[in-house]
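Raw entry-v1.cif, mmCIF, C-alpha atoms:
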data_work
loop_
_atom_site.label_atom_id
_atom_site.label_comp_id
_atom_site.auth_asym_id
_atom_site.auth_seq_id
_atom_site.Cartn_x
_atom_site.Cartn_y
_atom_site.Cartn_z
CA MET A 8 69.91 125.20 90.05
CA ASN A 9 70.95 123.13 87.04
CA TRP A 10 71.19 119.62 88.49
CA THR A 11 71.28 118.05 85.00
CA ARG A 12 74.38 120.03 84.07
CA THR A 13 76.07 119.10 87.34
CA ALA A 14 75.24 115.42 86.87
CA ILE A 15 76.74 115.49 83.36
CA LEU A 16 79.92 117.12 84.64
CA LEU A 17 80.25 114.59 87.47
CA ALA A 18 79.70 111.77 85.00
CA GLY A 19 82.46 113.24 82.85
CA LEU A 20 84.86 113.23 85.80
CA THR A 21 84.03 109.60 86.56
CA ALA A 22 84.50 108.66 82.90
CA MET A 23 87.94 110.31 82.87
CA PHE A 24 88.86 108.41 86.01
CA MET A 25 87.80 105.09 84.46
CA ALA A 26 89.56 105.88 81.15
CA ILE A 27 92.87 106.36 82.93
CA GLY A 28 92.28 103.08 84.77
CA ALA A 29 91.68 101.37 81.42
CA LEU A 30 94.91 102.86 80.09
CA ILE A 31 96.84 101.42 83.00
CA GLY A 32 95.29 97.96 83.09
CA GLY A 33 92.68 97.52 80.38
CA THR A 34 89.23 96.33 81.46
CA SER A 35 90.52 95.22 84.83
CA GLY A 36 92.14 98.62 85.39
CA MET A 37 88.89 100.36 84.52
CA ILE A 38 86.96 98.26 87.03
CA ILE A 39 89.60 98.86 89.70
CA ALA A 40 89.50 102.60 89.00
CA LEU A 41 85.72 102.60 89.39
CA ALA A 42 86.06 100.75 92.70
CA ILE A 43 88.63 103.29 93.89
CA ALA A 44 86.32 106.15 92.89
CA ILE A 45 83.45 104.62 94.85
CA ALA A 46 85.67 103.99 97.89
CA THR A 47 87.17 107.49 97.95
CA ASN A 48 83.77 109.10 97.57
CA ALA A 49 82.33 106.93 100.34
CA PHE A 50 85.17 108.02 102.62
CA ALA A 51 84.69 111.66 101.63
CA TYR A 52 80.92 111.39 102.20
CA TRP A 53 81.38 110.42 105.84
CA ASN A 54 84.57 112.26 106.77
CA SER A 55 85.12 115.28 104.51
CA ASP A 56 83.71 117.80 106.99
CA LYS A 57 85.93 116.58 109.81
CA MET A 58 88.99 116.58 107.54
CA VAL A 59 88.62 120.13 106.24
CA LEU A 60 87.76 121.58 109.65
CA ARG A 61 90.85 119.91 111.08
CA MET A 62 92.98 121.30 108.22
CA TYR A 63 92.05 124.82 109.25
CA GLY A 64 92.26 124.29 113.00
CA ALA A 65 88.60 125.25 113.39
CA THR A 66 87.17 125.30 116.93
CA GLU A 67 83.49 124.59 117.53
CA VAL A 68 81.57 127.26 119.44
CA ASP A 69 78.09 127.41 120.92
CA ARG A 70 75.65 129.78 122.58
CA SER A 71 77.76 129.95 125.75
CA ASN A 72 81.11 131.04 124.27
CA ALA A 73 80.03 132.84 121.07
CA PRO A 74 76.44 133.93 121.71
CA GLU A 75 76.18 136.64 119.03
CA LEU A 76 77.64 134.58 116.21
CA TRP A 77 75.73 131.47 117.23
CA GLY A 78 72.52 133.49 117.50
CA LEU A 79 72.92 134.95 114.00
CA VAL A 80 73.40 131.47 112.52
CA GLN A 81 70.39 130.17 114.44
CA GLU A 82 68.13 132.99 113.20
CA LEU A 83 69.28 132.62 109.58
CA ALA A 84 68.91 128.83 109.70
CA ARG A 85 65.33 129.36 110.91
CA ARG A 86 64.64 131.71 108.00
CA ALA A 87 66.16 129.22 105.56
CA GLU A 88 64.14 126.36 107.13
CA LEU A 89 67.33 124.44 107.89
CA PRO A 90 68.44 122.46 110.95
CA MET A 91 70.88 124.38 113.12
CA PRO A 92 74.38 123.67 111.75
CA ARG A 93 77.47 123.42 113.92
CA VAL A 94 79.39 126.70 114.13
CA TYR A 95 83.18 126.97 114.01
CA ILE A 96 85.75 129.76 114.30
CA MET A 97 89.15 129.61 112.59
CA GLN A 98 92.04 131.59 114.04
CA ASN A 99 93.02 133.25 110.77
CA ASP A 100 93.45 136.95 110.02
CA GLN A 101 92.19 136.62 106.43
CA PRO A 102 88.44 137.39 106.32
CA ASN A 103 86.74 134.34 104.84
CA ALA A 104 84.21 131.60 105.49
CA PHE A 105 83.02 128.23 104.20
CA ALA A 106 80.36 125.59 104.81
CA THR A 107 80.85 121.85 104.86
CA GLY A 108 78.96 118.65 105.62
CA ARG A 109 77.28 115.82 103.73
CA ASP A 110 73.70 117.10 104.15
CA PRO A 111 71.73 119.79 106.02
CA HIS A 112 71.47 117.56 109.10
CA HIS A 113 75.27 117.12 109.28
CA ALA A 114 76.46 120.58 108.28
CA ALA A 115 78.86 123.13 109.69
CA VAL A 116 79.62 126.80 109.04
CA ALA A 117 83.13 128.11 109.72
CA VAL A 118 84.25 131.75 109.81
CA THR A 119 87.67 133.25 110.40
CA THR A 120 88.53 135.66 113.18
CA GLY A 121 89.54 138.07 110.42
CA LEU A 122 85.99 138.02 109.08
CA MET A 123 84.51 138.81 112.48
CA ASP A 124 87.05 141.57 113.10
CA ARG A 125 86.50 143.41 109.80
CA LEU A 126 82.84 143.03 108.83
CA SER A 127 79.78 144.76 110.23
CA ARG A 128 76.85 142.79 111.59
CA GLU A 129 74.88 143.26 108.37
CA GLU A 130 77.79 142.11 106.20
CA LEU A 131 78.33 139.08 108.42
CA VAL A 132 74.65 138.22 108.04
CA GLY A 133 75.13 138.29 104.25
CA VAL A 134 78.11 135.93 104.44
CA LEU A 135 76.42 133.49 106.82
CA ALA A 136 73.29 133.46 104.66
CA HIS A 137 75.45 132.65 101.62
CA GLU A 138 77.00 129.69 103.42
CA LEU A 139 73.60 128.44 104.57
CA ALA A 140 72.47 128.63 100.94
CA HIS A 141 75.28 126.23 100.04
CA ILE A 142 74.01 123.86 102.73
CA LYS A 143 70.40 124.17 101.56
CA ASN A 144 71.46 123.47 97.96
CA ARG A 145 73.63 120.52 99.13
CA ASP A 146 76.61 122.11 97.39
CA THR A 147 78.94 121.03 100.19
CA LEU A 148 78.58 117.36 99.26
CA ILE A 149 78.81 117.95 95.50
CA MET A 150 81.94 120.08 95.80
CA THR A 151 83.59 117.48 98.02
CA ILE A 152 82.88 114.74 95.49
CA THR A 153 84.25 116.77 92.58
CA ALA A 154 87.37 117.67 94.55
CA THR A 155 87.91 114.02 95.51
CA ILE A 156 87.53 112.68 91.97
CA ALA A 157 89.61 115.47 90.44
CA GLY A 158 92.42 114.78 92.90
CA ALA A 159 92.24 111.05 92.24
CA ILE A 160 92.43 111.67 88.49
CA GLY A 161 95.71 113.50 88.98
CA MET A 162 97.02 110.57 91.05
CA LEU A 163 95.97 107.98 88.47
CA ALA A 164 97.44 110.05 85.64
CA ASN A 165 100.81 109.82 87.34
CA PHE A 166 100.44 106.05 87.58
CA ALA A 167 99.56 105.96 83.89
CA MET A 168 102.81 107.69 83.04
CA PHE A 169 104.78 104.84 84.61
CA PHE A 170 102.58 101.83 83.90
CA GLY A 171 100.32 102.73 81.00
CA SER A 172 102.95 103.32 78.33
CA SER A 173 104.76 100.01 78.60
CA GLY A 174 105.61 98.62 75.22
CA ASP A 175 104.22 95.19 76.05
CA ASN A 176 100.88 96.46 77.36
CA ARG A 177 98.42 95.32 74.68
CA ASN A 178 95.53 97.00 76.46
CA ASN A 179 96.99 100.46 75.89
CA PRO A 180 95.60 101.80 72.58
CA LEU A 181 97.23 105.22 72.89
CA GLY A 182 100.92 104.41 72.91
CA MET A 183 103.60 106.57 74.48
CA VAL A 184 102.53 109.87 72.89
CA GLY A 185 98.88 109.36 73.79
CA THR A 186 99.75 108.42 77.34
CA ILE A 187 101.92 111.50 77.84
CA ALA A 188 99.13 113.68 76.45
CA LEU A 189 96.62 112.05 78.79
CA VAL A 190 98.89 112.53 81.79
CA PHE A 191 98.91 116.29 81.23
CA LEU A 192 95.43 116.84 79.83
CA ALA A 193 93.32 114.68 82.16
CA PRO A 194 94.12 116.60 85.38
CA ILE A 195 93.58 119.90 83.56
CA ALA A 196 90.22 118.71 82.23
CA ALA A 197 89.24 117.48 85.69
CA ALA A 198 90.19 120.84 87.23
CA LEU A 199 88.15 122.70 84.62
CA VAL A 200 85.08 120.58 85.38
CA GLN A 201 85.55 121.13 89.11
CA MET A 202 85.86 124.88 88.61
CA ALA A 203 82.85 125.04 86.31
CA ILE A 204 80.68 123.42 88.97
CA SER A 205 82.10 125.65 91.70
CA ARG A 206 81.60 128.93 89.82
CA SER A 207 77.99 128.21 88.86
CA ARG A 208 77.12 127.28 92.43
CA GLU A 209 78.62 130.49 93.84
CA TYR A 210 76.16 132.52 91.80
CA ASP A 211 73.28 130.32 93.01
CA ALA A 212 74.40 130.66 96.65
CA ASP A 213 74.72 134.45 96.28
CA ARG A 214 71.15 134.67 95.03
CA MET A 215 69.64 132.37 97.66
CA GLY A 216 71.79 133.86 100.41
CA ALA A 217 70.55 137.36 99.55
CA GLU A 218 66.99 136.06 99.76
CA ILE A 219 67.63 134.51 103.18
CA ALA A 220 69.25 137.70 104.50
CA GLY A 221 66.60 139.88 102.87
CA GLN A 222 69.13 142.49 101.72
CA PRO A 223 71.36 141.66 98.70
CA LEU A 224 73.55 144.72 99.33
CA TRP A 225 74.73 143.27 102.64
CA LEU A 226 76.36 140.36 100.85
CA ALA A 227 77.59 142.61 98.02
CA SER A 228 79.37 144.85 100.50
CA ALA A 229 80.83 141.84 102.32
CA LEU A 230 82.20 140.36 99.09
CA GLU A 231 83.87 143.64 98.21
CA ARG A 232 85.54 143.96 101.60
CA ILE A 233 86.62 140.30 101.77
CA GLU A 234 88.07 140.51 98.26
CA GLN A 235 90.12 143.57 99.19
CA SER A 236 91.55 141.96 102.31
CA ALA A 237 91.98 138.42 101.00
CA HIS A 238 94.72 139.45 98.57
CA ARG A 239 96.61 141.39 101.25
CA VAL A 240 96.43 138.76 103.99
CA VAL A 241 97.98 135.37 103.22
CA ASN A 242 96.00 132.32 104.34
CA ASP A 243 98.80 129.86 105.05
CA ASP A 244 96.42 126.95 105.69
CA ALA A 245 94.74 127.48 102.32
CA GLU A 246 98.08 127.77 100.54
CA ARG A 247 99.02 124.36 101.98
CA ASN A 248 95.67 122.88 100.91
CA PRO A 249 94.78 124.53 97.57
CA ALA A 250 92.26 121.79 96.69
CA THR A 251 89.94 123.30 99.32
CA ALA A 252 90.04 126.84 97.87
CA HIS A 253 86.72 126.43 96.06
CA MET A 254 84.91 125.95 99.39
CA PHE A 255 85.49 129.53 100.59
CA ILE A 256 83.18 132.44 99.80
CA ILE A 257 86.17 134.26 98.23
CA ASN A 258 89.22 132.49 96.81
CA PRO A 259 91.70 132.38 99.73
CA LEU A 260 94.77 131.83 97.54
CA ALA A 261 97.09 134.65 96.55
CA GLY A 262 97.05 136.04 93.01
CA GLN A 263 93.49 135.16 91.98
CA GLY A 264 91.49 137.80 90.19
CA MET A 265 88.98 138.13 87.38
CA ASP A 266 86.92 135.44 85.70
CA ASN A 267 89.09 133.16 83.64
CA LEU A 268 89.31 129.54 82.58
CA PHE A 269 91.11 128.37 85.71
CA ALA A 270 89.39 130.52 88.36
CA THR A 271 87.71 128.61 91.19
CA HIS A 272 85.32 131.51 91.82
CA PRO A 273 83.42 133.91 89.57
CA SER A 274 84.68 137.47 89.30
CA THR A 275 83.78 139.28 92.51
CA GLY A 276 82.78 142.28 90.42
CA ASN A 277 80.32 140.15 88.47
CA ARG A 278 78.86 138.75 91.69
CA ILE A 279 78.45 142.23 93.17
CA ALA A 280 76.78 143.51 89.99
CA ARG A 281 74.26 140.68 90.10
CA LEU A 282 73.48 141.35 93.74
CA GLN A 283 73.05 145.07 93.08
CA SER A 284 70.63 144.26 90.27
CA MET A 285 68.78 141.88 92.57
CA ALA A 286 68.55 144.58 95.25
CA GLN A 287 67.07 147.00 92.73
CA GLU A 288 64.42 144.45 91.77
CA MET A 289 63.60 143.62 95.40
CA HIS A 290 63.64 147.08 96.97
CA GLY A 291 63.84 149.65 94.19
CA ALA A 292 65.13 152.95 95.53
CA ALA A 293 64.57 151.89 99.14
CA GLN A 294 67.74 149.83 99.44
CA GLU A 295 69.33 149.40 102.84
CA ALA A 296 73.11 149.76 102.62
CA PRO A 297 75.05 147.89 105.31
CA ARG A 298 76.93 149.61 108.06
CA ARG A 299 80.70 149.42 107.65
CA GLY A 300 83.04 148.46 110.47
CA PRO A 301 83.48 145.58 112.95
CA TRP A 302 80.24 143.78 113.72
CA GLY A 303 80.76 142.84 117.35
#
As structure tokens, the full file:
Amino acid sequence: MNWTRTAILLAGLTAMFMAIGALIGGTSGMIIALAIAIATNAFAYWNSDKMVLRMYGATEVDRSNAPELWGLVQELARRAELPMPRVYIMQNDQPNAFATGRDPHHAAVAVTTGLMDRLSREELVGVLAHELAHIKNRDTLIMTITATIAGAIGMLANFAMFFGSSGDNRNNPLGMVGTIALVFLAPIAAALVQMAISRSREYDADRMGAEIAGQPLWLASALERIEQSAHRVVNDDAERNPATAHMFIINPLAGQGMDNLFATHPSTGNRIARLQSMAQEMHGAAQEAPRRGPWG
């Protein structure tokens, strides 16, 4: 995993945040913007998992009320050498899943009822292993931080439109035209950075998840089936909270397709091709294709 690249991208987001603060209030605005960035990230660090699970109405389950699902997560966490995460179910017909939490000791995995209804046991193993890979790589914290800063940049850009272009503001070196350009370009740049981090980490989680599951084709088959259903079944909760779309294994928003500049996820076809190549390297001709159909 390229931690240096991620650190550079995060630094770029913070720099954009501080630049907008400087536009609004000069040096003082820059310092205030930095303080806001620290405060919002501190809040997100401690509360992001609770917030996103509440957004999707997720219900925690355990060995007593969801023994098969809980048991699969427990076995995969053991293979991945991770603490047992909390397990949640979302009442949503769209097949999808995500992981959240600030570190492996405070992590959670959430799956939709649609995922459990449509996927086989092997495919579900592939999805759960992918989400545990995100936890092991600490992607859940990084993606929360990027989402928080990117959202705050959009908020500050709106403030800059009203306060940063004042004719008597001597601390504003850009003037009206520069301010207007910044208002539109800064949120776009922040979104691109957020998406770049998200897409690279999906590939990493696919690879590690396939290693945890032991069969790359299980995850490849799951991705294909989730992709097919995700565009037919609207996820109303995700549509109301599009900033969380990057957390899901497949983009839950309507109308998302192939790799492009603004995609939060890599092309599903590209991900499947990589997993198929990985399966060939791991197993050669003796590849175990997953069973299709409901897993339960």
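With all atoms listed in the file as the atoms that count, the minimum distance from Met162 in chain A to the choices A:Ile38, A:Ala44, A:Met289, A:Met91 is reached by A:Ala44.
Note that CA of Met97 in chain A and CA of Thr251 in chain A are 14.7 Å apart.
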*Near Asn99 in chain A, counting all atoms listed in the file, which residues have an atom at most 6 Å away, once you skip same-chain residues fewer than 3 positions from it, shown as an NGL selection string?*
:A and (119-121)
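Here CA of Asp244 in chain A is placed at a distance of 26.7 Å from CA of Ile279 in chain A.
If you look at CA of Arg206 in chain A and CA of Pro273 in chain A, they are 5.3 Å away from each other.
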_I want to know what sits within 10 Å of Trp53 in chain A, based on all atoms listed in the file, with residues of the same chain fewer than 2 positions away left out; could you give that as a ChimeraX atom specification?_
/A:48-51,55-58,108-109,113,148
Store the residues of this selection in a file with C-alpha atoms, as a CSV table (one decimal), in the coordinates of the input.
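out.csv, freshly written:
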chain,number,residue,atom,x,y,z
A,48,ASN,CA,83.8,109.1,97.6
A,49,ALA,CA,82.3,106.9,100.3
A,50,PHE,CA,85.2,108.0,102.6
A,51,ALA,CA,84.7,111.7,101.6
A,55,SER,CA,85.1,115.3,104.5
A,56,ASP,CA,83.7,117.8,107.0
A,57,LYS,CA,85.9,116.6,109.8
A,58,MET,CA,89.0,116.6,107.5
A,108,GLY,CA,79.0,118.6,105.6
A,109,ARG,CA,77.3,115.8,103.7
A,113,HIS,CA,75.3,117.1,109.3
A,148,LEU,CA,78.6,117.4,99.3
